[in-house]
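Enquirer: Sharing input_27.cif (mmCIF, C-alpha atoms) below.
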data_final
loop_
_atom_site.label_atom_id
_atom_site.label_comp_id
_atom_site.auth_asym_id
_atom_site.auth_seq_id
_atom_site.Cartn_x
_atom_site.Cartn_y
_atom_site.Cartn_z
CA MET A 27 5.52 16.03 12.96
CA SER A 28 8.58 14.68 11.19
CA GLY A 29 11.80 16.61 11.63
CA ALA A 30 13.69 18.13 8.74
CA GLY A 31 15.15 15.48 6.50
CA ARG A 32 13.65 12.69 8.52
CA ARG A 33 11.12 10.40 6.92
CA PRO A 34 7.84 9.93 8.84
CA ARG A 35 7.84 6.58 10.63
CA VAL A 36 4.76 4.51 9.87
CA ALA A 37 4.04 1.33 11.83
CA VAL A 38 2.60 -1.62 9.95
CA VAL A 39 1.26 -3.96 12.61
CA ILE A 40 1.76 -7.63 11.84
CA PHE A 41 -0.63 -10.17 13.34
CA PRO A 42 -0.46 -13.93 12.94
CA GLY A 43 -2.35 -14.33 9.67
CA SER A 44 -1.71 -10.86 8.25
CA ASN A 45 -0.95 -11.21 4.55
CA CYS A 46 -0.91 -7.66 3.20
CA ASP A 47 1.78 -6.40 5.57
CA ARG A 48 4.61 -6.62 3.02
CA ASP A 49 2.58 -4.69 0.46
CA ALA A 50 1.74 -2.06 3.07
CA LEU A 51 5.40 -1.71 4.08
CA ALA A 52 6.44 -1.31 0.44
CA ALA A 53 3.63 1.18 -0.21
CA VAL A 54 4.75 3.40 2.67
CA GLU A 55 8.35 3.41 1.43
CA LEU A 56 7.20 4.20 -2.10
CA VAL A 57 5.61 7.49 -1.00
CA GLY A 58 8.55 8.51 1.14
CA GLY A 59 7.73 7.12 4.56
CA GLU A 60 9.88 4.91 6.73
CA ALA A 61 7.92 1.69 7.09
CA VAL A 62 8.37 -0.07 10.43
CA PRO A 63 7.06 -3.58 10.97
CA VAL A 64 5.58 -3.86 14.48
CA TRP A 65 4.65 -7.24 15.93
CA HIS A 66 1.17 -7.45 17.44
CA GLN A 67 2.54 -8.33 20.88
CA SER A 68 4.50 -5.10 21.03
CA ALA A 69 3.59 -2.77 23.88
CA ASP A 70 4.31 0.34 21.79
CA LEU A 71 4.44 1.61 18.23
CA ALA A 72 8.25 1.80 18.03
CA GLY A 73 8.21 5.58 17.89
CA CYS A 74 5.96 5.71 14.83
CA THR A 75 3.58 8.59 14.25
CA ALA A 76 1.12 6.77 11.97
CA VAL A 77 -0.26 3.24 11.95
CA ILE A 78 -1.48 0.81 9.32
CA LEU A 79 -3.50 -2.21 10.37
CA PRO A 80 -3.02 -4.32 7.25
CA GLY A 81 -5.28 -6.85 5.58
CA GLY A 82 -5.21 -10.59 5.93
CA PHE A 83 -6.78 -13.19 8.11
CA SER A 84 -5.53 -12.42 11.59
CA TYR A 85 -6.00 -15.47 13.78
CA GLY A 86 -7.64 -17.22 10.85
CA ASP A 87 -10.74 -15.02 11.29
CA TYR A 88 -11.59 -17.17 14.32
CA LEU A 89 -14.76 -16.16 16.18
CA ARG A 90 -15.28 -13.07 14.01
CA ALA A 91 -12.97 -11.32 11.54
CA GLY A 92 -10.70 -9.06 13.59
CA ALA A 93 -12.12 -10.14 16.95
CA MET A 94 -8.97 -11.85 18.23
CA ALA A 95 -6.60 -9.19 16.91
CA ALA A 96 -8.67 -6.55 18.67
CA HIS A 97 -7.33 -7.93 21.95
CA SER A 98 -3.65 -8.06 20.97
CA SER A 99 -1.41 -6.06 23.30
CA VAL A 100 -0.40 -3.59 20.58
CA MET A 101 -4.01 -2.44 20.41
CA THR A 102 -3.65 -0.54 23.68
CA ALA A 103 -0.96 1.55 21.99
CA VAL A 104 -3.08 1.91 18.84
CA ARG A 105 -6.04 3.16 20.89
CA ARG A 106 -3.84 5.65 22.73
CA HIS A 107 -2.29 6.84 19.46
CA ALA A 108 -5.76 7.30 17.95
CA ALA A 109 -7.06 9.09 21.05
CA ASP A 110 -4.15 11.51 20.78
CA GLY A 111 -5.21 12.31 17.22
CA GLY A 112 -2.59 10.13 15.52
CA PRO A 113 -3.48 8.85 12.06
CA VAL A 114 -4.60 5.23 11.70
CA LEU A 115 -5.45 3.41 8.48
CA GLY A 116 -7.17 0.03 8.73
CA ILE A 117 -7.32 -1.87 5.46
CA CYS A 118 -9.72 -4.79 4.99
CA ASN A 119 -9.01 -7.02 8.01
CA GLY A 120 -7.57 -3.89 9.63
CA PHE A 121 -10.92 -2.14 9.10
CA GLN A 122 -12.65 -5.12 10.71
CA MET A 123 -10.31 -4.71 13.71
CA LEU A 124 -11.14 -1.00 14.00
CA LEU A 125 -14.82 -1.93 14.21
CA GLU A 126 -14.12 -4.63 16.78
CA ILE A 127 -12.20 -2.25 19.04
CA GLY A 128 -14.87 0.41 18.62
CA LEU A 129 -12.69 3.08 17.00
CA LEU A 130 -15.21 3.05 14.16
CA PRO A 131 -18.94 2.27 14.45
CA GLY A 132 -20.88 -0.73 13.17
CA ALA A 133 -19.87 -4.29 12.38
CA MET A 134 -19.16 -6.49 9.38
CA LEU A 135 -21.55 -9.16 8.23
CA MET A 136 -20.83 -11.84 5.66
CA ASN A 137 -21.12 -10.58 2.07
CA ARG A 138 -24.69 -10.90 0.87
CA THR A 139 -23.50 -13.25 -1.89
CA LEU A 140 -21.92 -15.49 0.80
CA ARG A 141 -18.82 -15.48 -1.37
CA PHE A 142 -15.30 -14.26 -0.98
CA ILE A 143 -15.09 -11.46 -3.55
CA CYS A 144 -11.77 -10.63 -5.17
CA ARG A 145 -12.08 -8.01 -7.88
CA ASP A 146 -11.79 -4.33 -8.64
CA VAL A 147 -14.51 -1.97 -7.48
CA HIS A 148 -15.17 1.72 -8.01
CA LEU A 149 -15.31 4.06 -5.06
CA ARG A 150 -16.64 7.56 -4.74
CA VAL A 151 -14.65 9.86 -2.48
CA GLU A 152 -17.10 11.48 -0.07
CA ARG A 153 -14.60 13.36 2.10
CA ASN A 154 -11.40 15.10 1.12
CA ASP A 155 -11.25 17.71 3.87
CA LEU A 156 -9.13 15.48 6.11
CA PRO A 157 -5.36 14.95 5.98
CA LEU A 158 -5.81 11.23 5.30
CA LEU A 159 -7.93 11.95 2.23
CA GLY A 160 -6.39 15.26 1.27
CA HIS A 161 -4.82 14.04 -1.96
CA LEU A 162 -8.22 13.10 -3.34
CA ALA A 163 -10.90 15.26 -4.89
CA SER A 164 -14.43 15.16 -3.49
CA GLY A 165 -16.56 13.04 -5.81
CA GLN A 166 -13.46 11.54 -7.43
CA VAL A 167 -13.89 7.92 -8.51
CA LEU A 168 -11.16 5.49 -7.51
CA ARG A 169 -10.64 2.00 -8.82
CA LEU A 170 -9.23 -0.35 -6.18
CA PRO A 171 -9.36 -4.08 -5.55
CA ILE A 172 -11.35 -5.73 -2.79
CA ALA A 173 -10.68 -9.20 -1.41
CA HIS A 174 -12.94 -10.19 1.45
CA LYS A 175 -15.84 -12.29 2.61
CA GLU A 176 -16.94 -10.12 5.54
CA GLY A 177 -17.30 -6.63 4.12
CA ASN A 178 -21.01 -6.13 4.41
CA TRP A 179 -20.97 -3.18 6.78
CA PHE A 180 -23.91 -2.95 9.12
CA ALA A 181 -25.06 -0.51 11.77
CA HIS A 182 -28.28 0.16 13.61
CA PRO A 183 -30.45 3.02 12.37
CA ASP A 184 -29.44 5.37 15.19
CA VAL A 185 -25.74 4.72 14.49
CA MET A 186 -26.42 5.12 10.78
CA ARG A 187 -27.97 8.53 11.42
CA GLU A 188 -24.86 9.58 13.33
CA VAL A 189 -22.63 8.34 10.49
CA GLU A 190 -24.66 10.47 8.07
CA ALA A 191 -24.90 13.52 10.31
CA LYS A 192 -21.18 13.57 11.11
CA GLY A 193 -20.00 12.77 7.60
CA MET A 194 -18.24 9.57 8.62
CA ALA A 195 -18.83 7.85 5.26
CA ALA A 196 -15.52 8.48 3.47
CA LEU A 197 -15.77 6.08 0.52
CA ARG A 198 -18.80 4.53 -1.13
CA TYR A 199 -19.05 1.77 -3.72
CA CYS A 200 -20.24 3.28 -6.98
CA THR A 201 -20.45 2.76 -10.73
CA PRO A 202 -17.43 3.68 -12.92
CA THR A 203 -19.00 7.11 -13.40
CA GLY A 204 -19.59 7.68 -9.71
CA GLU A 205 -23.27 6.83 -9.42
CA LEU A 206 -24.57 5.02 -6.37
CA ASP A 207 -26.32 1.90 -7.57
CA ASP A 208 -27.15 -1.32 -5.78
CA GLY A 209 -25.52 -3.28 -8.60
CA ALA A 210 -22.24 -1.49 -7.88
CA ASN A 211 -22.33 -2.50 -4.22
CA PRO A 212 -20.39 -5.78 -4.15
CA ASN A 213 -21.16 -6.99 -0.65
CA GLY A 214 -24.42 -5.41 0.46
CA ALA A 215 -22.81 -2.84 2.77
CA LEU A 216 -25.35 -0.46 4.25
CA ASP A 217 -25.51 2.78 2.31
CA ALA A 218 -22.76 1.37 0.03
CA ILE A 219 -20.16 2.23 2.65
CA ALA A 220 -16.67 1.01 1.71
CA GLY A 221 -14.71 3.29 4.01
CA LEU A 222 -15.43 5.13 7.25
CA VAL A 223 -13.67 7.86 9.21
CA ASN A 224 -14.16 8.60 12.88
CA VAL A 225 -15.65 11.90 14.02
CA GLN A 226 -12.20 13.39 14.69
CA GLY A 227 -11.12 12.38 11.19
CA ASN A 228 -7.84 10.68 12.12
CA VAL A 229 -8.97 7.04 11.88
CA LEU A 230 -9.87 5.63 8.46
CA GLY A 231 -11.07 2.09 7.84
CA MET A 232 -11.63 0.78 4.33
CA MET A 233 -12.34 -2.58 2.74
CA PRO A 234 -10.54 -1.92 -0.59
CA HIS A 235 -6.77 -2.28 -0.78
CA PRO A 236 -4.92 0.94 -1.66
CA GLU A 237 -1.54 -0.73 -1.00
CA ARG A 238 -2.17 -2.99 -4.01
CA ARG A 239 -2.53 -0.03 -6.39
CA MET A 240 0.67 1.92 -6.03
CA ARG A 241 2.18 1.57 -9.52
CA ALA A 242 0.74 1.88 -13.01
CA LEU A 243 2.70 -1.22 -13.94
CA LEU A 244 0.77 -3.22 -11.36
CA GLY A 245 -2.71 -2.16 -12.38
CA GLY A 246 -2.97 1.45 -11.29
CA GLU A 247 -1.92 4.13 -8.85
CA ASP A 248 -5.25 5.00 -7.27
CA GLY A 249 -4.09 3.75 -3.88
CA ALA A 250 -1.04 5.98 -3.71
CA ALA A 251 -3.00 9.12 -2.76
CA LEU A 252 -4.37 7.38 0.33
CA ILE A 253 -1.03 6.01 1.48
CA ARG A 254 0.60 9.38 0.79
CA GLY A 255 -2.11 11.07 2.88
CA LEU A 256 -1.29 8.78 5.79
CA VAL A 257 2.46 9.26 5.52
CA GLU A 258 2.13 13.03 5.36
CA ALA A 259 -0.21 13.03 8.35
CA ALA A 260 2.38 11.06 10.36
CA MET B 5 -18.72 -26.60 35.38
CA LEU B 6 -19.67 -26.80 31.72
CA VAL B 7 -21.20 -23.54 30.58
CA GLU B 8 -22.97 -23.13 27.26
CA VAL B 9 -22.73 -19.84 25.42
CA ARG B 10 -25.10 -19.37 22.52
CA VAL B 11 -24.38 -16.47 20.22
CA LYS B 12 -26.84 -15.54 17.52
CA LEU B 13 -27.40 -12.68 15.14
CA LYS B 14 -29.89 -10.15 16.39
CA GLU B 15 -33.39 -10.44 15.01
CA GLN B 16 -33.10 -7.33 12.85
CA VAL B 17 -29.81 -8.46 11.27
CA LEU B 18 -30.13 -10.30 7.98
CA ASP B 19 -28.58 -13.76 7.92
CA PRO B 20 -27.74 -14.63 4.30
CA GLN B 21 -26.16 -17.91 5.43
CA GLY B 22 -29.36 -19.01 7.15
CA GLU B 23 -31.35 -18.02 4.08
CA ALA B 24 -29.06 -20.08 1.81
CA ILE B 25 -29.55 -23.08 4.08
CA ARG B 26 -33.30 -22.56 4.07
CA ARG B 27 -33.32 -22.58 0.26
CA VAL B 28 -31.36 -25.84 0.14
CA LEU B 29 -33.72 -27.41 2.66
CA SER B 30 -36.69 -26.24 0.66
CA GLY B 31 -35.20 -27.81 -2.47
CA LEU B 32 -34.81 -31.08 -0.59
CA GLY B 33 -38.49 -31.12 0.24
CA TYR B 34 -38.37 -29.47 3.66
CA GLY B 35 -40.69 -26.70 2.59
CA GLU B 36 -42.17 -26.47 6.06
CA ILE B 37 -38.87 -25.07 7.38
CA GLU B 38 -39.70 -21.44 6.89
CA GLN B 39 -36.71 -19.75 8.41
CA VAL B 40 -33.14 -20.68 9.35
CA ARG B 41 -30.85 -18.55 11.51
CA VAL B 42 -27.27 -19.66 12.04
CA GLY B 43 -25.56 -19.02 15.36
CA LYS B 44 -22.64 -20.31 17.38
CA LEU B 45 -22.54 -22.65 20.33
CA MET B 46 -19.51 -22.45 22.59
CA LEU B 47 -18.89 -24.89 25.42
CA LEU B 48 -16.80 -23.43 28.22
CA GLU B 49 -15.31 -25.54 30.99
CA VAL B 50 -15.16 -23.08 33.86
CA ALA B 51 -13.44 -23.61 37.21
CA GLY B 52 -15.80 -22.58 39.99
CA THR B 53 -18.88 -23.80 41.82
CA ASP B 54 -20.65 -20.55 42.59
CA ALA B 55 -23.21 -20.37 39.78
CA PRO B 56 -24.06 -16.64 39.95
CA GLU B 57 -20.35 -15.80 40.04
CA VAL B 58 -19.58 -18.09 37.08
CA ARG B 59 -22.49 -16.62 35.14
CA SER B 60 -21.42 -13.09 35.79
CA ARG B 61 -17.82 -13.81 34.67
CA VAL B 62 -18.95 -15.59 31.50
CA GLU B 63 -21.37 -12.77 30.67
CA GLU B 64 -18.49 -10.34 31.08
CA ALA B 65 -16.46 -12.44 28.62
CA CYS B 66 -19.41 -12.42 26.21
CA LYS B 67 -19.54 -8.64 26.28
CA GLU B 68 -15.79 -8.28 25.96
CA VAL B 69 -15.08 -10.73 23.16
CA LEU B 70 -17.38 -13.73 22.61
CA ALA B 71 -20.19 -11.71 21.05
CA ASN B 72 -20.22 -8.47 19.07
CA PRO B 73 -23.06 -6.46 20.61
CA VAL B 74 -23.57 -4.51 17.39
CA ILE B 75 -24.88 -7.55 15.53
CA GLU B 76 -25.13 -10.41 18.01
CA GLU B 77 -26.85 -11.38 21.21
CA TYR B 78 -25.77 -14.06 23.61
CA GLU B 79 -27.30 -16.43 26.08
CA VAL B 80 -25.41 -18.12 28.91
CA ARG B 81 -26.67 -21.47 30.13
CA LEU B 82 -25.41 -23.11 33.30
CA PRO B 83 -26.00 -26.78 34.20
#
Render the structure in this file as structure tokens.
Expert:
Amino acid sequence: MSGAGRRPRVAVVIFPGSNCDRDALAAVELVGGEAVPVWHQSADLAGCTAVILPGGFSYGDYLRAGAMAAHSSVMTAVRRHAADGGPVLGICNGFQMLLEIGLLPGAMLMNRTLRFICRDVHLRVERNDLPLLGHLASGQVLRLPIAHKEGNWFAHPDVMREVEAKGMAALRYCTPTGELDDGANPNGALDAIAGLVNVQGNVLGMMPHPERRMRALLGGEDGAALIRGLVEAA
Amino acid sequence: MLVEVRVKLKEQVLDPQGEAIRRVLSGLGYGEIEQVRVGKLMLLEVAGTDAPEVRSRVEEACKEVLANPVIEEYEVRLP
């Protein structure tokens, strides 16, 4: 949708307690987008055509992770943008928000270890037929860091069946060689789900942090394909 | 009036926190405590005297934000 010579504008919404917003802004710029910080009380998305809900601890995770942020005024614009088919990427706390506002199904429980987990995980790409995931190969294994305490995705069996039937599982925790194994599932997420897309395919929520893996010098570039997918979909 | 809202995880949702507490209790000799489920208690001071009206408003708030219906259930208690 971007005009000739104009960089796609990507909104990075900042909530009180966001702490991955600067990384997300830098990541967008690195792959050629124009990163626009948007305060959570904003009524609109400042003319942006893609949105990142970044990680952090919005509102100190009060009540439930993402629950307070879900009611910020900017969320009305985010919902409208998503309903119009606009691309949305929710990372970590941003994923939790997408669940809380019902753009993605299920809910997050505390990690089964009861611990905050901060380490690299391996992820198997389950979908690459969508613009957001188009730079990835199906079955490709990514290595990205996670940093969360509530990433144990849960859904009721009927919702789970829908997730399966409609191919909403985009990323799954796996072994370094791409095998699904309970030992490779860091938090107990149902069906090893690390990332989900909505049925329309324009909203992606993921617990791992692609914005932290944009440069080989800083541990790897596996996140760049995801951020690039978002910027190009803008 | 003071309204109590109790939010707890649904029966079919695992509660690793409750299980960790149960294990500690068991280690302390409280073996008879066979299950622990952790929930939240919220005390709401609500302006209004019409009990059914207050209840209905608080239940609305529960559905909208205080509880996540995917994993939690709530109970509203009026004085």
Enquirer: List every protein, DNA or RNA residue that has at least one atom no more than 9 Å from (-1.3, 2.0, -4.2) in the file's coordinates, counting all atoms listed in the file, and write the result as a list in words.
Expert: Ala50, Ala53, Leu170, His235, Pro236, Glu237, Arg238, Arg239, Met240, Arg241, Gly246, Glu247, Asp248, Gly249, Ala250, Ala251, Leu252 and Ile253 of chain A
Enquirer: Got a sec to pull out which chain A residues are within 10 Å of chain B, counting all atoms listed in the file, and send them as a list in words?
Expert: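 Using all atoms listed in the file, chain A residues at most 10 Å from chain B: Leu89, Arg90, Ala93, Met94, Ala96, His97, Leu125, Glu126, Ile127, Pro131, Gly132, Ala133, Met134, Leu135, Met136, Asn137, Arg138, Thr139, Leu140, Phe180, Ala181, His182 and Val185 of chain A.
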Enquirer: Take the PyMOL selection byres ((chain A and resi 145-150) around 10), run it mentally on this structure, and tell me the resulting residues as a ChimeraX atom specification.
Expert: /A:142-144,151-153,163-174,196-206,210-212,218-221,234-235
Enquirer: Which is closest to Tyr78 in chain B among B:Glu57, B:Leu45, B:Val28, B:Glu38, if we use all atoms listed in the file?
Expert: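 Closest to Tyr78 in chain B of all the choices is B:Leu45.
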Enquirer: Taking all atoms listed in the file into account, which of B:Ile37, B:Gly43, B:Leu82, B:Glu23 comes nearest Ala55 in chain B?
Expert: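 Counting all atoms listed in the file, the residue closest to Ala55 in chain B is B:Leu82.
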Enquirer: Which of these residues is nearest to Ala259 in chain A, using all atoms listed in the file: A:Gly245, A:Gly116, A:Gly160, A:Gly231?
Expert: A:Gly160
Enquirer: In terms of the shortest atom-to-atom distance over all atoms listed in the file, which of A:Met186, A:Asp208, A:Ala215, A:Val257 is closest to Val77 in chain A?
Expert: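 Looking only at the distances to Val77 in chain A, the closest residue turns out to be A:Val257.
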Enquirer: Considering all atoms listed in the file, state which residue in the set A:Gly193, A:Val104, A:Pro157, A:Pro113 is at the smallest distance from Gln67 in chain A.
Expert: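 The closest residue to Gln67 in chain A is A:Val104.
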Enquirer: Restricting the calculation to all atoms listed in the file: of B:Val42, B:Lys12, B:Gly31, B:Val80, which residue gets closest to Arg61 in chain B?
Expert: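 Residue with the minimum atom-to-atom distance to Arg61 in chain B: B:Val80.
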Enquirer: Would you compute the distance between CA of Gly120 in chain A and CA of Glu176 in chain A? Give it in Å to one decimal.
Expert: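 Between CA of Gly120 in chain A and CA of Glu176 in chain A the gap works out to 12.0 Å.
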Enquirer: As an exercise, work out the distance from CA of Ala91 in chain A to CA of Gln122 in chain A in Å and give it to one decimal place.
Expert: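 Between these atoms lies a distance of 6.3 Å.
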Enquirer: Please indicate the distance in Å from CA of Val189 in chain A to CA of Leu222 in chain A, rounded to one decimal place.
Expert: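 A separation of 8.5 Å between them.
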Enquirer: Report the residues retrieved by the PyMOL selection byres ((chain B and resi 49) around 9) from the displayed file, expressed as a PyMOL selection string.
Expert: chain B and resi 5-8+47-48+50-51
Enquirer: Go ahead and save the picked residues with C-alpha atoms, as a compact mmCIF listing (two decimals), keeping the file's coordinate frame.
Expert:
# COMPACT_ATOMS: atom_id res chain seq x y z
CA MET B 5 -18.72 -26.60 35.38
CA LEU B 6 -19.67 -26.80 31.72
CA VAL B 7 -21.20 -23.54 30.58
CA GLU B 8 -22.97 -23.13 27.26
CA LEU B 47 -18.89 -24.89 25.42
CA LEU B 48 -16.80 -23.43 28.22
CA VAL B 50 -15.16 -23.08 33.86
CA ALA B 51 -13.44 -23.61 37.21
